[in-house]
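> Mind having a look at this structure? Questions to follow.
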Amino acid sequence: MTTAFVRSRASAGLAAPLVNVEVHLSPGLPGFTIVGLPESTVREARERVRSALINSYFDWPDYRITVNLAPADQPKAGGRFDLPIAMGILAASGQIPAAALAGRELFGELGLDGSLRTCQGLLSAVAAATAASSLCAVPEIVAARLATVPNSRIIGAPDLLTMCAHLKAPQPPLSTGLTFPAITPSGRDIRDVRGQAAAKRALEVAASGGHHLLFVGPPGAGKTLLASRLPDLMPPCRDDERLTQALIADLMGVFSEGQVLNDQRPFRAPHHSASAAALIGGGSNAQPGEISLAHGGVLFLDELTEFPRHVLDNLRQPLESGEVMIARAKGKFKYPARFQLVAAMNPCPCGYAGSSDTPCRCSPDLVNRYQSKVSGPLMDRIDLHLALERQQANNLFASPEMGESSATVRARVVAVQDKQRSRQGCLNNRLDGDTLLASVNLDAATEQWFTRACDRLKLSARSIHRCLRVARTLTDMANMGRVEQDHLLEAMSYRPMISES
């Protein structure tokens, strides 16, 4: 047999399109050619594959070897095609039976000694292969991690020779399903925050309804401390969130070799010098950004006004849709980005505008210019705006037993979220249109009062909807069925308190 066919998969964002590796041995001057739009990392496979086969005690065919990666118009990159190319050569030269490759998809980079190494993005490839009912042959060092894909069937081997033995004499595939370590506390307990009762209340509201949150206050008021407590107030990740987070992290190479996945909610805190590509995603390879790495968790933007305005404005669409589309010459790539935004900022350059005990040194014009660094449309998309004050010294020495622990608050948050999902299939932050109006179920008098208040405050349609969503969350936390005027008053108190532009 002079022709062999092996299946593998390319990487295109979180997608993994099928690639058929076709190997043909023909008489003539010996040579090795790879076609099918390979990038440099794939073209270099010629030397890796040749050395790996020889060092694994196989014969190198004395033929003209042509490898075609089909479809030819799909770019191919990375070292994942080393293993299928090597197996195709062995099958075409009769050194292994071609039937051993049927119904299997192969991924892995080869070392010169025949060892198998992992590469980025294999989790997406295994997920796609599993959907196609294929068994996956992968490097042994990542087999356990890749087997977390539900219903997957994995064969792992440390080197090329062992992989051939496994394929010729089939071994029971590894299939662990979606198993993650139980959630472990991060050690950042909300009980450690002294005072700031209103801020703790806002954190619980944000966690209960999935709402975005902004802290505005002087230096040292505890903005960063409070934001870091939010992930431990949120329920454990659902299975679909875990898998999506794992796909993104694997594509970005966040996991080191042999590292297992965990059950922690993501907490991403990029520096204010981050570029738009780093925050949103992009670059020549259209990689995911911080907002996708924060999917299912918290994106914390400290010193919000220090971020370039054009970078922050890129957050508008992901905040609304929960996903981001990155368009490049190679194609369009869609990444999930359903995160909770927690931002923190000072009210002015000196940090003390509006403070009751420290005079502000900034002029009104300087304060307006400082606050206008964050655009009005972005501020409008944040549900909860809270002003913090400096804490009195005696609060800092209060006993920690006086406050509730994160576990206690999380239990209430879980109950509230379960109620929302059973009622409408989603959290309150995703309610819209008629579904939102039916959920709040205002009586005639309350609705009339609310419309007059919104007109007097000149709230936008988006702000009105966000008030209603927050009010619905407050109602659920109070275990009541209909939104009352008190809930609307508290929700409206969370609207922006700094100037918008």
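Each chain in the structure tokens gets a letter, A, B and so on, in the order shown; residues start at 1 in every chain, and ligands are counted from 1 in the order they appear.
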Determine which residues of region 226-285 of chain A receive a DSSP assignment of alpha helix (DSSP H), computed from the backbone, and state them as a list in words.
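Everything in region 226-285 of chain A that counts as alpha helix (DSSP H) is Leu226, Ala227, Ser228, Arg229, Leu230, Pro231, Asp232, Leu233, Asp239, Asp240, Glu241, Arg242, Leu243, Thr244, Gln245, Ala246, Leu247, Ile248, Ala249, Asp250, Leu251, Met252, Ala276, Ala277, Ala278, Leu279 and Ile280 of chain A.
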> Would you write out those residues with C-alpha atoms, as a short mmCIF file (atom, residue, chain, number, x, y, z; two decimals), in the first residue's frame?

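Contents of again.cif, freshly written:
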```
data_model
loop_
_atom_site.label_atom_id
_atom_site.label_comp_id
_atom_site.auth_asym_id
_atom_site.auth_seq_id
_atom_site.Cartn_x
_atom_site.Cartn_y
_atom_site.Cartn_z
CA LEU A 226 -14.12 44.22 48.15
CA ALA A 227 -13.81 43.29 44.48
CA SER A 228 -11.52 40.36 45.27
CA ARG A 229 -14.23 38.86 47.51
CA LEU A 230 -16.85 38.55 44.78
CA PRO A 231 -15.73 35.21 43.22
CA ASP A 232 -16.15 33.40 46.55
CA LEU A 233 -19.73 34.71 46.81
CA ASP A 239 -20.49 22.05 33.74
CA ASP A 240 -20.94 24.06 30.54
CA GLU A 241 -19.04 27.00 32.04
CA ARG A 242 -16.23 24.73 33.20
CA LEU A 243 -15.77 23.20 29.78
CA THR A 244 -15.83 26.58 28.02
CA GLN A 245 -13.30 28.01 30.47
CA ALA A 246 -11.11 24.97 29.91
CA LEU A 247 -11.28 25.37 26.11
CA ILE A 248 -10.24 29.02 26.32
CA ALA A 249 -7.44 28.38 28.81
CA ASP A 250 -6.11 25.49 26.73
CA LEU A 251 -6.16 27.59 23.57
CA MET A 252 -4.21 30.32 25.36
CA ALA A 276 -7.25 46.60 23.29
CA ALA A 277 -6.01 43.28 21.86
CA ALA A 278 -4.95 42.08 25.32
CA LEU A 279 -8.28 43.05 26.89
CA ILE A 280 -10.74 42.17 24.14
#
```
> If we count only C-alpha atoms and set the cut-off at 12 Å, which residues sit around Tyr370 (chain A), ignoring sequence neighbours fewer than 4 positions away in its own chain? Please answer as a list in words.
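Selected residues are Glu303, Leu304, Thr305, Glu306, Phe307, Arg309, Met345, Asn346, Pro347, Cys348, Pro349, Cys350, Gly351, Ala353, Cys362, Ser363, Pro364, Asp365, Leu366, Val374, Ser375, Ile498, Ser499, Glu500 and Ser501 of chain A.
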> Could you list, as an MDAnalysis selection string, every residue within 7 Å of region 135-142 of chain A, counting only C-alpha atoms and ignoring same-chain residues fewer than 5 positions away?
chainID A and resid 103:108 116:118 126 153:158 257:258
> Let me make sure I understand: among A:Val440, A:Ala198, A:Met477, A:Leu457, which one has the smallest atom-to-atom distance to Asp418 (chain A) if we use only C-alpha atoms?
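Closest to Asp418 (chain A), using only C-alpha atoms: A:Met477.
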> Tell me which protein, DNA and RNA residues are within 8 Å of region 160-167 of chain A, counting only C-alpha atoms, leaving out same-chain ones fewer than 5 positions away, and put them as a ChimeraX atom specification.
/A:52-53,56,83,96,100-101,110,114-116,137,155
> With C-alpha atoms retained, export the selected residues as a PDB file, in the first residue's frame.

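What landed in result-v8.pdb:
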```
ATOM      1  CA  ALA A  52      11.481  10.433  15.250  1.00  0.00           C
ATOM      2  CA  LEU A  53      10.819   7.462  12.962  1.00  0.00           C
ATOM      3  CA  SER A  56      11.920   4.767  17.134  1.00  0.00           C
ATOM      4  CA  LEU A  83       1.926  12.384  14.880  1.00  0.00           C
ATOM      5  CA  ILE A  96       1.608  -0.661  10.658  1.00  0.00           C
ATOM      6  CA  ALA A 100      -5.334   0.600  13.083  1.00  0.00           C
ATOM      7  CA  LEU A 101      -6.034   4.225  12.093  1.00  0.00           C
ATOM      8  CA  LEU A 110       7.143  14.710  17.974  1.00  0.00           C
ATOM      9  CA  GLY A 114      10.235   9.957  19.122  1.00  0.00           C
ATOM     10  CA  SER A 115       8.737  11.358  22.331  1.00  0.00           C
ATOM     11  CA  LEU A 116       5.273  12.900  22.182  1.00  0.00           C
ATOM     12  CA  ALA A 137      -4.715   9.442  20.262  1.00  0.00           C
ATOM     13  CA  ILE A 155      -5.564   6.837  24.192  1.00  0.00           C
TER      14      ILE A 155
END
```
> Name all residues at most 12 Å from Ala99 (chain A) (count only C-alpha atoms; drop same-chain ones fewer than 4 positions away) and give them as a PyMOL selection string.
chain A and resi 4-6+87-88+91-92+94-95+103-104+167-170
> What's the 7 Å shell around region 67-78 of chain A, counting only C-alpha atoms, without same-chain residues fewer than 4 positions away, as a list in words?
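These residues fall inside the cut-off: Ala10, Val19, Asn20, Val21, Glu22, Val23, His24, Thr33, Ile34, Val35, Gly36, Leu37, Pro38, Glu39, Thr41 and Val42 of chain A.
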> Based on the selection just made, write C-alpha atoms of those residues as a PDB file, in the first residue's frame.

```pdb
ATOM      1  CA  ALA A  10      -6.720  22.256  12.798  1.00  0.00           C
ATOM      2  CA  VAL A  19      -8.113  17.843   8.483  1.00  0.00           C
ATOM      3  CA  ASN A  20      -7.460  14.726   6.434  1.00  0.00           C
ATOM      4  CA  VAL A  21      -3.753  13.905   6.328  1.00  0.00           C
ATOM      5  CA  GLU A  22      -3.144  12.126   3.013  1.00  0.00           C
ATOM      6  CA  VAL A  23       0.224  10.416   2.561  1.00  0.00           C
ATOM      7  CA  HIS A  24       1.451   9.037  -0.788  1.00  0.00           C
ATOM      8  CA  THR A  33       6.901  17.475   0.552  1.00  0.00           C
ATOM      9  CA  ILE A  34       4.029  18.840   2.617  1.00  0.00           C
ATOM     10  CA  VAL A  35       1.246  20.704   0.808  1.00  0.00           C
ATOM     11  CA  GLY A  36      -2.146  22.027   1.858  1.00  0.00           C
ATOM     12  CA  LEU A  37      -1.428  25.565   3.096  1.00  0.00           C
ATOM     13  CA  PRO A  38       1.003  24.608   5.903  1.00  0.00           C
ATOM     14  CA  GLU A  39       2.640  27.318   7.961  1.00  0.00           C
ATOM     15  CA  THR A  41       5.750  25.083  12.022  1.00  0.00           C
ATOM     16  CA  VAL A  42       4.036  22.422   9.914  1.00  0.00           C
TER      17      VAL A  42
END
```
> Going by DSSP on the backbone, which bits of region 35-260 of chain A are strand (DSSP E)? Write them as a list in words, please.
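Strand (DSSP E) assignments inside region 35-260 of chain A correspond to Val35, Arg64, Ile65, Thr66, Val67, Asn68, Leu69, Ala70, Arg104, Glu105, Leu106, Glu109, Leu110, Leu116, Arg117, Leu135, Cys136, Ala137, Val138, Pro139, Ile154, Ile155, Gly156, Ala157, Leu213, Leu214, Phe215 and Val216 of chain A.
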> Can you spit out the residues from that selection as an mmCIF file, in the first residue's frame, using C-alpha atoms?

```cif
data_model
loop_
_atom_site.group_PDB
_atom_site.id
_atom_site.type_symbol
_atom_site.label_atom_id
_atom_site.label_comp_id
_atom_site.auth_asym_id
_atom_site.auth_seq_id
_atom_site.Cartn_x
_atom_site.Cartn_y
_atom_site.Cartn_z
ATOM 1 C CA VAL A 35 1.246 20.704 0.808
ATOM 2 C CA ARG A 64 9.197 10.330 -2.772
ATOM 3 C CA ILE A 65 6.820 11.222 0.093
ATOM 4 C CA THR A 66 3.976 13.649 -0.507
ATOM 5 C CA VAL A 67 1.761 14.748 2.387
ATOM 6 C CA ASN A 68 -1.424 16.654 1.644
ATOM 7 C CA LEU A 69 -3.354 18.366 4.434
ATOM 8 C CA ALA A 70 -6.916 18.650 3.167
ATOM 9 C CA ARG A 104 -9.261 7.576 15.179
ATOM 10 C CA GLU A 105 -8.007 11.136 15.226
ATOM 11 C CA LEU A 106 -4.373 11.808 16.092
ATOM 12 C CA GLU A 109 4.144 17.017 18.369
ATOM 13 C CA LEU A 110 7.143 14.710 17.974
ATOM 14 C CA LEU A 116 5.273 12.900 22.182
ATOM 15 C CA ARG A 117 4.707 16.460 23.335
ATOM 16 C CA LEU A 135 -11.299 7.940 19.441
ATOM 17 C CA CYS A 136 -8.418 10.356 20.089
ATOM 18 C CA ALA A 137 -4.715 9.442 20.262
ATOM 19 C CA VAL A 138 -2.799 12.096 22.214
ATOM 20 C CA PRO A 139 0.424 12.566 24.230
ATOM 21 C CA ILE A 154 -8.675 8.910 24.819
ATOM 22 C CA ILE A 155 -5.564 6.837 24.192
ATOM 23 C CA GLY A 156 -2.355 8.333 25.527
ATOM 24 C CA ALA A 157 1.242 7.306 24.910
ATOM 25 C CA LEU A 213 -20.609 46.822 39.675
ATOM 26 C CA LEU A 214 -18.605 50.044 40.037
ATOM 27 C CA PHE A 215 -16.949 51.283 43.226
ATOM 28 C CA VAL A 216 -16.113 54.987 43.429
#
```
> Please list as a VMD selection string every residue within 9 Å of Cys237 (chain A), counting only C-alpha atoms and excluding residues in the same chain fewer than 3 positions away.
chain A and resid 183 234 240 to 242 263 to 265 296 to 297
> Would you write out, as JSON lines, a table of all residues in region 344-443 of chain A that have an atom no more than 8 Å from an atom of region 204-208 of chain A, listing for each the closest atom pair and the distance in Å to one decimal, considering only C-alpha atoms and ordering rows by chain and rising residue number?

```
{"residue": "A:Leu384", "atom": "CA", "partner": "A:Ala206", "partner_atom": "CA", "distance": 7.6}
{"residue": "A:Val409", "atom": "CA", "partner": "A:Glu204", "partner_atom": "CA", "distance": 7.2}
{"residue": "A:Val413", "atom": "CA", "partner": "A:Ser208", "partner_atom": "CA", "distance": 4.9}
{"residue": "A:Val414", "atom": "CA", "partner": "A:Ser208", "partner_atom": "CA", "distance": 7.5}
{"residue": "A:Val416", "atom": "CA", "partner": "A:Ser208", "partner_atom": "CA", "distance": 6.1}
{"residue": "A:Gln417", "atom": "CA", "partner": "A:Ser208", "partner_atom": "CA", "distance": 6.0}
```
> When you count only C-alpha atoms, which of these residues is closest to Ser275 (chain A): A:Asn314, A:Ser8, A:Ser51, A:Ser406?
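With only C-alpha atoms as the atom set, the closest residue is A:Asn314.
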